[in-house]
Every structure is written in C-alpha cells, then in structure tokens.
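Participant: Just so it is clear, I am handing over start_26.cif, which has mmCIF, C-alpha atoms.
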data_target
#
loop_
_atom_site.label_atom_id
_atom_site.label_comp_id
_atom_site.auth_asym_id
_atom_site.auth_seq_id
_atom_site.Cartn_x
_atom_site.Cartn_y
_atom_site.Cartn_z
CA MET A 1 12.86 -4.37 -14.55
CA PRO A 2 10.52 -1.32 -14.42
CA ALA A 3 10.63 0.88 -17.51
CA THR A 4 10.23 4.08 -15.43
CA LEU A 5 11.13 5.11 -11.88
CA PRO A 6 10.30 8.46 -10.21
CA VAL A 7 13.06 10.50 -8.56
CA GLY A 8 13.44 9.67 -4.86
CA GLU A 9 11.57 6.35 -4.99
CA SER A 10 13.29 2.99 -4.54
CA SER A 11 13.08 0.51 -7.38
CA PRO A 12 10.83 -2.49 -6.62
CA ALA A 13 12.28 -5.92 -5.99
CA PHE A 14 12.36 -8.05 -9.14
CA ALA A 15 13.97 -11.33 -10.11
CA ILE A 16 16.98 -11.74 -12.37
CA GLN A 17 17.33 -14.78 -14.57
CA ALA A 18 20.54 -15.64 -16.40
CA ALA A 19 22.01 -18.64 -18.19
CA ALA A 20 25.46 -19.80 -19.26
CA THR A 21 25.69 -22.03 -22.33
CA VAL A 22 28.06 -25.01 -22.28
CA GLU A 23 29.15 -26.00 -25.78
CA ALA A 24 28.75 -29.57 -26.99
CA SER A 25 32.53 -30.15 -27.12
CA PHE A 26 32.75 -29.66 -23.35
CA THR A 27 29.77 -31.88 -22.60
CA LEU A 28 31.61 -35.08 -23.59
CA GLY A 29 34.66 -34.19 -21.50
CA LEU A 30 32.56 -33.31 -18.41
CA ARG A 31 30.46 -36.46 -18.51
CA TYR A 32 32.78 -39.17 -19.78
CA VAL A 33 36.25 -37.93 -18.83
CA LEU A 34 35.62 -36.16 -15.53
CA GLY A 35 32.55 -38.14 -14.52
CA VAL A 36 30.41 -35.04 -13.88
CA ARG A 37 26.67 -35.71 -13.71
CA THR A 38 25.37 -32.46 -12.17
CA ILE A 39 26.62 -28.87 -11.85
CA GLU A 40 25.60 -26.29 -9.21
CA GLY A 41 27.19 -23.19 -7.66
CA SER A 42 26.80 -19.42 -8.07
CA VAL A 43 27.47 -16.50 -10.42
CA ASP A 44 28.86 -13.03 -9.69
CA ALA A 45 27.84 -10.47 -12.28
CA ASP A 46 29.72 -7.19 -12.72
CA THR A 47 26.83 -4.83 -13.53
CA ARG A 48 26.77 -1.05 -13.69
CA ILE A 49 24.05 1.61 -13.67
CA PHE A 50 24.41 4.71 -15.86
CA SER A 51 22.12 7.64 -15.00
CA PRO A 52 22.17 11.49 -15.00
CA GLN A 53 23.71 11.40 -11.50
CA GLY A 54 26.67 9.29 -12.67
CA GLU A 55 27.91 5.71 -12.94
CA THR A 56 27.30 3.22 -10.14
CA ALA A 57 28.75 -0.28 -9.78
CA VAL A 58 26.05 -2.74 -8.66
CA PRO A 59 27.40 -6.29 -8.18
CA VAL A 60 24.73 -8.97 -8.43
CA HIS A 61 24.99 -12.46 -6.92
CA LEU A 62 23.02 -15.29 -8.53
CA ALA A 63 22.51 -18.92 -7.48
CA ILE A 64 22.98 -21.67 -10.06
CA THR A 65 20.14 -24.17 -10.22
CA ARG A 66 21.41 -27.74 -10.01
CA THR A 67 21.66 -28.86 -13.63
CA SER A 68 22.15 -32.36 -15.07
CA VAL A 69 24.87 -32.85 -17.66
CA PRO A 70 23.32 -34.46 -20.76
CA ALA A 71 24.83 -37.40 -22.63
CA SER A 72 25.72 -35.13 -25.55
CA GLY A 73 25.07 -31.73 -27.07
CA ALA A 74 25.17 -28.21 -25.68
CA PHE A 75 23.21 -27.32 -22.53
CA GLU A 76 22.49 -24.28 -20.38
CA ILE A 77 23.30 -23.66 -16.73
CA PRO A 78 20.53 -21.37 -15.36
CA ALA A 79 21.00 -18.92 -12.47
CA THR A 80 18.51 -16.76 -10.60
CA GLY A 81 18.66 -13.92 -8.04
CA ASN A 82 17.13 -10.62 -6.93
CA ALA A 83 18.08 -7.12 -8.00
CA PRO A 84 19.15 -4.64 -5.29
CA ARG A 85 16.91 -1.64 -4.61
CA LEU A 86 18.08 1.63 -6.16
CA SER A 87 16.95 5.27 -6.11
CA PHE A 88 17.95 8.32 -8.13
CA THR A 89 18.13 12.07 -7.51
CA ARG A 90 17.89 13.45 -11.05
CA PRO A 91 15.47 12.69 -13.90
CA GLY A 92 16.65 11.47 -17.28
CA ALA A 93 17.61 8.35 -19.21
CA GLY A 94 19.38 5.42 -17.55
CA ARG A 95 20.64 1.97 -18.49
CA VAL A 96 21.92 -1.22 -16.87
CA THR A 97 25.05 -2.86 -18.30
CA ALA A 98 26.88 -6.14 -17.66
CA ASP A 99 30.57 -6.52 -18.49
CA ARG A 100 31.91 -9.65 -16.80
CA PHE A 101 30.59 -12.79 -15.17
CA THR A 102 32.35 -15.27 -12.92
CA LEU A 103 30.86 -18.76 -12.57
CA HIS A 104 31.70 -20.59 -9.35
CA LEU A 105 30.96 -24.17 -10.42
CA VAL A 106 30.58 -27.19 -8.18
CA PRO A 107 30.61 -30.37 -10.34
CA LYS A 108 29.37 -33.58 -8.72
CA ASP A 109 29.26 -37.24 -9.72
CA ALA A 110 26.29 -39.61 -9.64
CA ASP A 111 26.69 -40.10 -5.86
CA GLY A 112 26.69 -36.36 -5.09
CA ASN A 113 30.44 -36.13 -4.42
CA LEU A 114 32.79 -33.58 -5.94
CA ALA A 115 33.90 -34.72 -9.37
CA GLY A 116 36.69 -33.86 -11.80
CA PRO A 117 38.77 -30.87 -10.73
CA GLY A 118 36.38 -30.04 -7.86
CA ARG A 119 35.23 -26.48 -7.33
CA VAL A 120 36.33 -24.22 -10.13
CA ASP A 121 35.94 -20.52 -11.00
CA VAL A 122 35.20 -19.81 -14.66
CA PRO A 123 35.55 -16.17 -15.83
CA CYS A 124 33.41 -15.05 -18.76
CA THR A 125 33.86 -11.95 -20.90
CA LEU A 126 31.86 -10.36 -23.68
CA ASN A 127 32.64 -10.97 -27.31
CA GLY A 128 34.24 -8.10 -29.19
CA GLY A 129 31.68 -5.52 -30.30
CA GLN A 130 28.87 -7.08 -28.27
CA ASP A 131 26.32 -4.66 -26.76
CA ASN A 132 26.52 -4.89 -22.98
CA THR A 133 23.23 -3.09 -22.28
CA VAL A 134 20.92 -5.30 -20.25
CA ALA A 135 17.98 -2.88 -20.11
CA PRO A 136 17.29 0.85 -20.58
CA PHE A 137 14.94 2.79 -18.26
CA GLU A 138 13.67 6.32 -17.68
CA ILE A 139 13.94 8.34 -14.45
CA THR A 140 10.88 10.59 -14.21
CA PRO A 141 10.42 13.75 -12.06
CA ALA A 142 9.36 13.26 -8.46
CA LYS A 143 5.64 12.83 -7.85
CA ALA A 144 3.83 15.89 -6.49
CA ALA A 145 2.47 15.70 -2.95
CA PRO A 146 -1.32 15.15 -2.84
CA THR A 147 -3.48 18.19 -1.98
CA PRO A 148 -6.64 18.13 0.22
CA SER A 149 -9.72 17.35 -1.81
CA ALA A 150 -12.27 20.12 -2.50
CA THR A 151 -15.10 17.88 -1.33
CA ALA A 152 -13.60 17.46 2.13
CA SER A 153 -13.05 21.23 2.53
CA HIS A 154 -16.59 22.04 1.43
CA SER A 155 -18.07 19.52 3.85
CA ALA A 156 -16.06 20.91 6.77
CA SER A 157 -17.07 24.52 6.07
CA ALA A 158 -20.70 23.65 5.50
CA SER A 159 -21.02 21.84 8.81
CA ALA A 160 -19.59 24.68 10.96
CA PRO A 161 -22.58 27.16 10.82
CA ALA A 162 -25.06 24.37 11.40
CA SER A 163 -23.43 23.40 14.70
CA ALA A 164 -23.56 27.03 16.00
CA SER A 165 -27.29 27.61 15.50
CA PRO A 166 -29.74 26.38 18.21
CA ALA A 167 -31.44 23.16 17.30
CA THR A 168 -35.24 23.06 17.51
CA THR A 169 -35.32 19.27 17.27
CA PRO A 170 -33.15 16.59 18.89
CA PRO A 171 -29.97 15.59 16.98
CA GLU A 172 -30.39 13.18 14.02
CA SER A 173 -34.23 13.84 14.24
CA ASP A 174 -36.31 13.98 11.09
CA ALA A 175 -39.36 15.56 12.82
CA PRO A 176 -41.09 18.23 10.66
CA ALA A 177 -41.10 21.88 11.72
CA ALA A 178 -44.82 21.74 12.53
CA ALA A 179 -44.03 19.46 15.47
CA THR A 180 -42.66 22.46 17.44
CA SER A 181 -46.00 24.47 17.39
CA PRO A 182 -48.21 24.31 20.54
CA ALA A 183 -50.88 21.66 20.69
CA PRO A 184 -54.41 22.84 19.77
CA PRO A 185 -56.76 23.70 22.68
CA PRO A 186 -59.17 21.00 23.86
CA PRO A 187 -62.72 21.02 22.50
CA SER A 188 -65.10 23.63 23.98
CA SER A 189 -67.35 20.94 25.43
CA ALA A 190 -64.61 19.72 27.79
CA PRO A 191 -64.30 21.90 30.95
CA ALA A 192 -60.84 23.19 31.78
CA ALA A 193 -59.31 21.25 34.64
CA SER A 194 -57.67 24.32 36.21
CA ALA A 195 -60.73 26.66 36.31
CA PRO A 196 -62.59 26.79 39.74
CA ALA A 197 -66.17 25.56 39.68
CA ALA A 198 -68.74 28.41 40.03
CA PRO A 199 -71.31 27.98 42.87
CA PRO A 200 -74.91 27.38 41.84
CA ALA A 201 -77.02 30.53 41.37
CA PRO A 202 -79.44 29.96 44.37
CA ALA A 203 -76.56 29.40 46.81
CA ALA A 204 -74.93 32.63 45.70
CA GLY A 205 -78.14 34.62 46.27
CA ILE A 206 -78.59 33.30 49.83
CA LEU A 207 -74.98 34.17 50.70
CA LEU A 208 -75.40 37.79 49.51
CA HIS A 209 -78.73 38.16 51.38
CA ARG A 210 -77.16 37.07 54.67
CA ARG A 211 -74.25 39.49 54.32
CA SER A 212 -76.60 42.45 53.61
CA LYS A 213 -78.84 41.58 56.60
CA ARG A 214 -75.86 41.52 58.99
CA ARG A 215 -74.76 44.94 57.87
CA ALA A 216 -78.30 46.38 58.42
CA THR A 217 -78.52 45.20 62.11
CA PRO A 218 -77.54 48.10 64.45
CA GLY A 219 -74.84 47.46 67.03
CA PRO A 220 -75.40 47.67 70.80
CA SER A 221 -76.07 51.16 72.26
CA ALA A 222 -73.38 52.95 74.14
#
Just give me the structure as structure tokens.
Facilitator:
Amino acid sequence: MPATLPVGESSPAFAIQAAATVEASFTLGLRYVLGVRTIEGSVDADTRIFSPQGETAVPVHLAITRTSVPASGAFEIPATGNAPRLSFTRPGAGRVTADRFTLHLVPKDADGNLAGPGRVDVPCTLNGGQDNTVAPFEITPAKAAPTPSATASHSASASAPASASPATTPPESDAPAAATSPAPPPPSSAPAASAPAAPPAPAAGILLHRRSKRRATPGPSA
C-alpha cells in the first residue's frame, strides 16, 4: 500500500496477501476424521478506511490458494486479491482497518470431491485488545498544475522578429554576408561584350571626307 496519496488522485492497484492459521488440534480431525486432503475457497474481509473526509467501508474479496492439509501440526491457508482504487478530497492522516473475516472453505478429499461437511463458512473475529490497523497512510495536498517552461517562451519570442525581417540568404543557408556583394569587374584586358566595336581610324576619315565633299557641291540652278 502506498505511504502517501495526493488529494484527487486514485490509489494505484496493489495486491493483498492474507493467511488464516489452522491450529494443530484441527489438523488431525480434518485429515483423519473428515478425510480432507486439500482446502480452497475464498475470504471476505470487512475493512474500513478512516480519513479526514470520514469513515468508508471497503469490503475486500480474496481467493484462497488450494492448500494441502499436512499429516500433523498447524498450517496456514493463504489468500490473495487486489485492493479497490480509492481517492480522497481532503489532506491529512488516514488508516486502513480490518475487523472481521469470513472464510468460505471448500474441503476436498484425495479424489477432488467434497469431503467432510462440504462447503462451510467460518467467521473469524479479532482477539480482545488486538490492534485492527492494517496500515497507516498520509493524504497530501493536490499537486499543482505544471506551468509553461521559461525556455519555451524565450524561444518563441526570439523567433518572431527574425521571421518578420527580409532574408538576404535562402532559408537554412549558412552563406556569409560577403556572398551578397556584386561580383568584381572583369580584368581590364578583356573587352566588354556589350560595348560596340569602334571603326578603324582610316575608315572613319574617309567617311567624314565624303560627307564634307557632298555638302560643298552646289545644287542645280533654277
């Protein structure tokens, strides 16, 4: 059983193990008078939960493991089961108690048939002055709801301005800033491909001489 349980949370599933002791004086009668060789069945436990919110009855049902009756001496009849899930609304100290048990026994002979008196219910009570507390536990305050982490908030705010500014390089690019500057001009020895080629000097002189001669020739007389 957990030692602590927060308010509002269900208790985890856990196993319950119990045992009933059969005294040696009954062993002889079971085996040699009634012919009982094995005992199986179930157990109903009257358990209660005490907590700051009050008292709650929580019946528990256990299954008896098939047990062989020895030739002599005392022996135990074990039983196992699962605890029901519980939750509480107020913090504080709590405890589980057990007051009464009822064993529903099924005695069988060596062939697996009912033996002796057949099915029988055996009530069990506590001895006078016996402590009936099975286990104490503590109910703690409810757990606080988690808050957003500072790292996540900082990352979200830091990424917003970066997405608004124009990017000079493609996304996820590691290119240096110098890559955005224009390429250097070609060497001076290489002629520019877009500039028109100048005519040779002699050809230019002949063209100007012809134009001046045409202008000097008088037109026909009226």
Participant: Might you spell out which residues the PyMOL selection byres ((chain A and resi 42-58) around 6) would select in the displayed file, as an mmCIF file with C-alpha atoms, in the coordinates of the input?
Facilitator:
data_model
loop_
_atom_site.group_PDB
_atom_site.id
_atom_site.type_symbol
_atom_site.label_atom_id
_atom_site.label_comp_id
_atom_site.auth_asym_id
_atom_site.auth_seq_id
_atom_site.Cartn_x
_atom_site.Cartn_y
_atom_site.Cartn_z
ATOM 1 C CA GLY A 41 27.190 -23.190 -7.660
ATOM 2 C CA PRO A 59 27.400 -6.290 -8.180
ATOM 3 C CA VAL A 60 24.730 -8.970 -8.430
ATOM 4 C CA HIS A 61 24.990 -12.460 -6.920
ATOM 5 C CA LEU A 62 23.020 -15.290 -8.530
ATOM 6 C CA ALA A 63 22.510 -18.920 -7.480
ATOM 7 C CA ILE A 64 22.980 -21.670 -10.060
ATOM 8 C CA GLY A 92 16.650 11.470 -17.280
ATOM 9 C CA GLY A 94 19.380 5.420 -17.550
ATOM 10 C CA ARG A 95 20.640 1.970 -18.490
ATOM 11 C CA VAL A 96 21.920 -1.220 -16.870
ATOM 12 C CA THR A 97 25.050 -2.860 -18.300
ATOM 13 C CA ALA A 98 26.880 -6.140 -17.660
ATOM 14 C CA ASP A 99 30.570 -6.520 -18.490
ATOM 15 C CA ARG A 100 31.910 -9.650 -16.800
ATOM 16 C CA PHE A 101 30.590 -12.790 -15.170
ATOM 17 C CA THR A 102 32.350 -15.270 -12.920
ATOM 18 C CA LEU A 103 30.860 -18.760 -12.570
ATOM 19 C CA HIS A 104 31.700 -20.590 -9.350
#
Participant: Specify as a ChimeraX atom specification each residue included when the PyMOL selection byres ((chain A and resi 34-39) around 12) is applied to this file.
Facilitator: /A:20,22,26-33,40-42,63-72,75-79,103-120
Participant: May I ask for the distance between atom CA of A:Pro91 and atom CA of A:Phe137, given in Å to one decimal place?
Facilitator: 10.8 Å
Participant: What is the atom CA of A:Gln17 to atom CA of A:Thr140 distance in Å?
Facilitator: 26.2 Å
Participant: Give me, please, the distance in Å between atom CA of A:Val134 and atom CA of A:Ala83, quoted to one decimal.
Facilitator: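 Distance between the two atoms: 12.7 Å.
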Participant: Written as a PDB file with C-alpha atoms, keeping the file's coordinate frame, what is the full residue list that the PyMOL selection byres ((chain A and resi 6) around 12) yields on the file shown?
Facilitator:
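For reference, part30.pdb as written:
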ATOM      1  CA  PRO A   2      10.520  -1.320 -14.420  1.00  0.00           C
ATOM      2  CA  ALA A   3      10.630   0.880 -17.510  1.00  0.00           C
ATOM      3  CA  THR A   4      10.230   4.080 -15.430  1.00  0.00           C
ATOM      4  CA  LEU A   5      11.130   5.110 -11.880  1.00  0.00           C
ATOM      5  CA  VAL A   7      13.060  10.500  -8.560  1.00  0.00           C
ATOM      6  CA  GLY A   8      13.440   9.670  -4.860  1.00  0.00           C
ATOM      7  CA  GLU A   9      11.570   6.350  -4.990  1.00  0.00           C
ATOM      8  CA  SER A  10      13.290   2.990  -4.540  1.00  0.00           C
ATOM      9  CA  SER A  11      13.080   0.510  -7.380  1.00  0.00           C
ATOM     10  CA  PRO A  12      10.830  -2.490  -6.620  1.00  0.00           C
ATOM     11  CA  LEU A  86      18.080   1.630  -6.160  1.00  0.00           C
ATOM     12  CA  SER A  87      16.950   5.270  -6.110  1.00  0.00           C
ATOM     13  CA  PHE A  88      17.950   8.320  -8.130  1.00  0.00           C
ATOM     14  CA  THR A  89      18.130  12.070  -7.510  1.00  0.00           C
ATOM     15  CA  ARG A  90      17.890  13.450 -11.050  1.00  0.00           C
ATOM     16  CA  PRO A  91      15.470  12.690 -13.900  1.00  0.00           C
ATOM     17  CA  GLY A  92      16.650  11.470 -17.280  1.00  0.00           C
ATOM     18  CA  ALA A  93      17.610   8.350 -19.210  1.00  0.00           C
ATOM     19  CA  PHE A 137      14.940   2.790 -18.260  1.00  0.00           C
ATOM     20  CA  GLU A 138      13.670   6.320 -17.680  1.00  0.00           C
ATOM     21  CA  ILE A 139      13.940   8.340 -14.450  1.00  0.00           C
ATOM     22  CA  THR A 140      10.880  10.590 -14.210  1.00  0.00           C
ATOM     23  CA  PRO A 141      10.420  13.750 -12.060  1.00  0.00           C
ATOM     24  CA  ALA A 142       9.360  13.260  -8.460  1.00  0.00           C
ATOM     25  CA  LYS A 143       5.640  12.830  -7.850  1.00  0.00           C
ATOM     26  CA  ALA A 144       3.830  15.890  -6.490  1.00  0.00           C
TER      27      ALA A 144
END
Participant: Find, counting only C-alpha atoms, the residue in A:Gly129, A:Asn82, A:Ala74, A:Met1 that gets nearest to A:Ala15.
Facilitator: A:Asn82
Participant: So that I can look at just that part, could you write stretch 33-170 of chain A with C-alpha atoms, as a compact mmCIF listing (two decimals), in the first residue's frame?
Facilitator:
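New file selection-v1.txt:
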# COMPACT_ATOMS: atom_id res chain seq x y z
CA VAL A 33 -11.73 -37.94 10.69
CA LEU A 34 -13.19 -35.98 7.80
CA GLY A 35 -10.80 -37.21 5.13
CA VAL A 36 -9.86 -33.71 3.94
CA ARG A 37 -6.70 -33.54 1.84
CA THR A 38 -6.95 -30.04 0.32
CA ILE A 39 -8.77 -26.80 1.17
CA GLU A 40 -9.72 -23.99 -1.24
CA GLY A 41 -12.38 -21.26 -1.36
CA SER A 42 -12.48 -17.51 -0.68
CA VAL A 43 -12.33 -14.88 2.07
CA ASP A 44 -14.47 -11.77 2.61
CA ALA A 45 -12.71 -9.13 4.68
CA ASP A 46 -14.62 -6.35 6.43
CA THR A 47 -12.18 -3.45 6.02
CA ARG A 48 -12.68 0.26 6.64
CA ILE A 49 -10.86 3.44 5.64
CA PHE A 50 -10.57 6.31 8.12
CA SER A 51 -9.58 9.70 6.64
CA PRO A 52 -10.28 13.44 7.20
CA GLN A 53 -13.36 13.14 4.95
CA GLY A 54 -14.89 10.40 7.14
CA GLU A 55 -15.18 6.63 7.50
CA THR A 56 -15.69 4.42 4.45
CA ALA A 57 -16.49 0.69 4.38
CA VAL A 58 -14.39 -1.08 1.74
CA PRO A 59 -15.16 -4.83 1.52
CA VAL A 60 -12.34 -6.88 0.04
CA HIS A 61 -12.74 -10.29 -1.61
CA LEU A 62 -9.77 -12.68 -1.60
CA ALA A 63 -9.27 -16.07 -3.25
CA ILE A 64 -7.86 -18.94 -1.19
CA THR A 65 -4.98 -20.76 -2.81
CA ARG A 66 -5.54 -24.52 -2.85
CA THR A 67 -3.69 -25.78 0.23
CA SER A 68 -2.77 -29.34 1.22
CA VAL A 69 -3.64 -30.49 4.73
CA PRO A 70 -0.46 -31.82 6.38
CA ALA A 71 -0.26 -35.07 8.33
CA SER A 72 0.10 -33.14 11.59
CA GLY A 73 0.86 -29.73 13.04
CA ALA A 74 -0.54 -26.27 12.38
CA PHE A 75 -0.67 -24.88 8.83
CA GLU A 76 -1.69 -21.70 7.05
CA ILE A 77 -4.36 -21.15 4.41
CA PRO A 78 -3.13 -18.28 2.18
CA ALA A 79 -5.43 -15.90 0.27
CA THR A 80 -4.67 -13.19 -2.27
CA GLY A 81 -6.60 -10.38 -4.01
CA ASN A 82 -6.44 -6.79 -5.26
CA ALA A 83 -7.29 -3.61 -3.39
CA PRO A 84 -10.00 -1.34 -4.83
CA ARG A 85 -8.98 2.09 -6.12
CA LEU A 86 -9.72 4.98 -3.76
CA SER A 87 -9.42 8.78 -3.87
CA PHE A 88 -9.74 11.48 -1.21
CA THR A 89 -10.85 15.11 -1.15
CA ARG A 90 -9.06 16.41 1.95
CA PRO A 91 -5.42 16.10 3.08
CA GLY A 92 -4.47 14.55 6.40
CA ALA A 93 -3.75 11.24 8.10
CA GLY A 94 -5.59 8.05 7.16
CA ARG A 95 -5.58 4.38 8.11
CA VAL A 96 -6.95 1.04 6.93
CA THR A 97 -8.56 -1.28 9.49
CA ALA A 98 -9.87 -4.86 9.40
CA ASP A 99 -12.48 -6.05 11.89
CA ARG A 100 -13.94 -9.35 10.68
CA PHE A 101 -13.13 -12.08 8.19
CA THR A 102 -15.35 -14.81 6.81
CA LEU A 103 -13.69 -17.88 5.28
CA HIS A 104 -15.74 -19.74 2.70
CA LEU A 105 -13.96 -23.11 2.75
CA VAL A 106 -14.28 -25.91 0.22
CA PRO A 107 -12.65 -29.09 1.65
CA LYS A 108 -11.89 -31.90 -0.79
CA ASP A 109 -10.67 -35.48 -0.49
CA ALA A 110 -7.81 -37.14 -2.36
CA ASP A 111 -10.01 -37.60 -5.47
CA GLY A 112 -11.05 -33.92 -5.62
CA ASN A 113 -14.58 -34.49 -4.29
CA LEU A 114 -16.21 -32.55 -1.46
CA ALA A 115 -15.18 -34.01 1.87
CA GLY A 116 -16.42 -33.85 5.45
CA PRO A 117 -19.22 -31.35 5.98
CA GLY A 118 -18.83 -29.94 2.45
CA ARG A 119 -18.74 -26.20 1.91
CA VAL A 120 -18.61 -24.32 5.17
CA ASP A 121 -18.46 -20.64 6.23
CA VAL A 122 -16.08 -19.91 9.09
CA PRO A 123 -16.39 -16.47 10.77
CA CYS A 124 -13.26 -15.00 12.36
CA THR A 125 -13.07 -12.14 14.85
CA LEU A 126 -10.23 -10.24 16.45
CA ASN A 127 -8.91 -11.12 19.87
CA GLY A 128 -9.77 -8.72 22.66
CA GLY A 129 -7.49 -5.69 22.70
CA GLN A 130 -5.91 -6.54 19.34
CA ASP A 131 -4.96 -3.58 17.12
CA ASN A 132 -7.03 -3.73 13.95
CA THR A 133 -4.94 -1.23 11.96
CA VAL A 134 -3.67 -2.83 8.77
CA ALA A 135 -1.68 0.17 7.51
CA PRO A 136 -1.49 3.95 8.08
CA PHE A 137 -1.05 6.42 5.20
CA GLU A 138 -0.88 10.16 4.55
CA ILE A 139 -3.11 12.17 2.20
CA THR A 140 -1.05 15.04 0.78
CA PRO A 141 -2.31 18.28 -0.86
CA ALA A 142 -3.19 18.14 -4.53
CA LYS A 143 -0.31 18.55 -6.96
CA ALA A 144 -0.01 21.97 -8.61
CA ALA A 145 -0.66 22.19 -12.35
CA PRO A 146 2.56 22.47 -14.40
CA THR A 147 3.41 25.94 -15.80
CA PRO A 148 4.94 26.63 -19.26
CA SER A 149 8.71 26.48 -19.16
CA ALA A 150 10.74 29.71 -19.47
CA THR A 151 12.89 28.17 -22.18
CA ALA A 152 9.92 27.54 -24.45
CA SER A 153 8.61 31.11 -24.01
CA HIS A 154 12.01 32.63 -24.72
CA SER A 155 12.43 30.57 -27.87
CA ALA A 156 9.01 31.58 -29.18
CA SER A 157 9.60 35.30 -28.58
CA ALA A 158 13.09 35.22 -30.02
CA SER A 159 11.96 33.63 -33.27
CA ALA A 160 9.17 36.16 -34.01
CA PRO A 161 11.33 39.22 -35.04
CA ALA A 162 13.59 37.05 -37.15
CA SER A 163 10.68 35.86 -39.29
CA ALA A 164 9.50 39.47 -39.98
CA SER A 165 12.80 40.82 -41.33
CA PRO A 166 13.67 40.23 -45.04
CA ALA A 167 16.11 37.43 -45.55
CA THR A 168 19.22 38.16 -47.63
CA THR A 169 20.05 34.48 -47.99
CA PRO A 170 17.85 31.44 -48.65
